[in-house]
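Scroll down for the structure; my scribbles are underneath it.
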Amino acid sequence: MLTIATWNIHKGFSQFNRRMVVHELRERLRALDADIVFLQEVVGHHEGHAERFEAWPEEPQHEFLAAEVWENRVYGRNVVYDHGHHGNAILTRFPILASHNQDVTRLRFEKRGLLYCVVAVPDLPVPLHCVCAHLSLFGRSRRHQYAALAAFIEANVPPDAPLIIAGDFNDWRGRACEILAPRLNLAEVFAAADPATRRPTRSFPAALPILRLDRIYVRGLAVEDCAVHHGPPWSMLSDHAALTARLSFQATAGTP
């Protein structure tokens, strides 16, 4: 069994940037007890925040959040500014065999990336491929990014290999399921778990979710359970709800 989580952590600030909440966020993230965590809007460095907030962590946020729980982590720098940078991160209890950050930016003022890694999961006879995505706010850009994501997967991941793609898709119209799922043979975990609607869950805003922005897509893994974590205390830590899923292993290529 494998437990995963995805969360846009809003750079460690509450909704509307009212409070710095990275310490509370770390405790809540650990309570999810996930084996692999997909994070978006993770601050790698910020000189201004370090000077302004006494409790601002000295290490990059992905290192601070992962410490003592997730031994292995990778960070993909997407947005770079004079005083720092932020991007996506993947934290995992298991060894990371390879990683790559793919730039899928379509607009100069809106940097976006796909963080890819290959993970050696115990009891899974072949490596697990993982992608943490944060896509555009604009529909036309997202369509190009769907194509870029699909092309990257087709070029780098065997067609029968287990795969997880998770993150903030900003896809309130639901086009990703129509485009990506059939092309890559993916199942969206919340759509699979709810045959009545067959739609991803609502995840934004975290206080009372209305829009279906965040996703977990899987291939070669069966969905046992999934949950959206919204309302207090989650809504006090980010504008996005956190999503979790429990997955079991199906027969995959290379299985004896």
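Chain labels run A, B, ... following the order of the structure tokens; each chain numbers its residues from 1, and ligands are numbered from 1 in the order shown.
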- Message: To test your reading of the structure, identify every residue in segment 104-191 of chain A that backbone DSSP assigns to helix (DSSP H, G or I), and report it as a count of residues only.
- Response: 31
- Message: At a cut-off of 6 Å, using only C-alpha atoms, what residues contact Ile165 of chain A? Leave out same-chain residues fewer than 6 positions from it and give the result as a VMD selection string.
- Response: chain A and resid 130 to 131 216 to 217
Please write the residues from the selection above to a file, keeping C-alpha atoms, as a PDB file, in the first residue's frame.
```
ATOM      1  CA  CYS A 130       6.311  10.638 -10.382  1.00  0.00           C
ATOM      2  CA  VAL A 131       5.519  14.096 -11.759  1.00  0.00           C
ATOM      3  CA  ILE A 216      -3.949  13.120  -8.615  1.00  0.00           C
ATOM      4  CA  TYR A 217      -3.665  10.972 -11.749  1.00  0.00           C
TER       5      TYR A 217
END
```
- Which is closest to Ala245 of chain A among A:Val218, A:Pro233, A:Val121, A:Arg106, if we use only C-alpha atoms? A:Val218
- Give the strand (DSSP E) residues of segment 38-248 of chain A, as assigned by DSSP on the backbone, as an MDAnalysis selection string. chainID A and resid 38:46 72:81 84:92 96:103 113:119 128:134 163:168 187:188 214:219 221:229 242:248
- Give me the residues within 8 Å of Asn88 of chain A as a list in words, counting only C-alpha atoms and dropping any in the same chain fewer than 3 places off.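 Non-adjacent residues within range: Phe38, Leu39, Gln40, Glu41, Val42, Tyr75, Gly76, Arg77, Asn78, Gly113, Leu114, Leu115, Cys132, Ala133 and His134 of chain A.
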- Task: Go through A:Arg18, A:Arg52, A:Arg93, A:Arg202 and flag the residue nearest His229 of chain A, using only C-alpha atoms for the distances.
- Result: A:Arg202
Write out as CSV the residues of segment 8-121 of chain A that have any atom within 12 Å of an atom of segment 147-164 of chain A, one row each with the nearest atom pair and its distance in Å to one decimal, counting only C-alpha atoms, sorted by chain and then rising number.
```
residue,atom,partner,partner_atom,distance
A:Ile36,CA,A:Ile164,CA,10.1
A:Val37,CA,A:Ile164,CA,11.0
A:Phe38,CA,A:Ile164,CA,9.9
A:Ile90,CA,A:Ile164,CA,11.6
A:Ala98,CA,A:Asn156,CA,11.4
A:Ser99,CA,A:Asn156,CA,11.3
A:His100,CA,A:Asn156,CA,10.7
A:Asn101,CA,A:Phe152,CA,11.0
A:Gln102,CA,A:Phe152,CA,8.5
A:Asp103,CA,A:Ala148,CA,9.4
A:Val104,CA,A:Ala148,CA,6.9
A:Thr105,CA,A:Ala148,CA,10.0
A:Arg106,CA,A:Ala148,CA,10.6
A:Arg112,CA,A:Ala148,CA,11.6
A:Gly113,CA,A:Leu149,CA,9.7
A:Leu114,CA,A:Leu149,CA,7.6
A:Leu115,CA,A:Leu149,CA,10.5
A:Tyr116,CA,A:Ile153,CA,9.5
A:Cys117,CA,A:Ile164,CA,10.2
A:Val118,CA,A:Leu163,CA,9.3
A:Val119,CA,A:Leu163,CA,10.2
A:Ala120,CA,A:Pro162,CA,11.2
A:Val121,CA,A:Pro162,CA,10.8
```
- Query: For Glu110 of chain A, which of A:Val43, A:Leu137, A:Leu184, A:Val126 is the closest residue, counting only C-alpha atoms?
  - Reply: A:Leu137
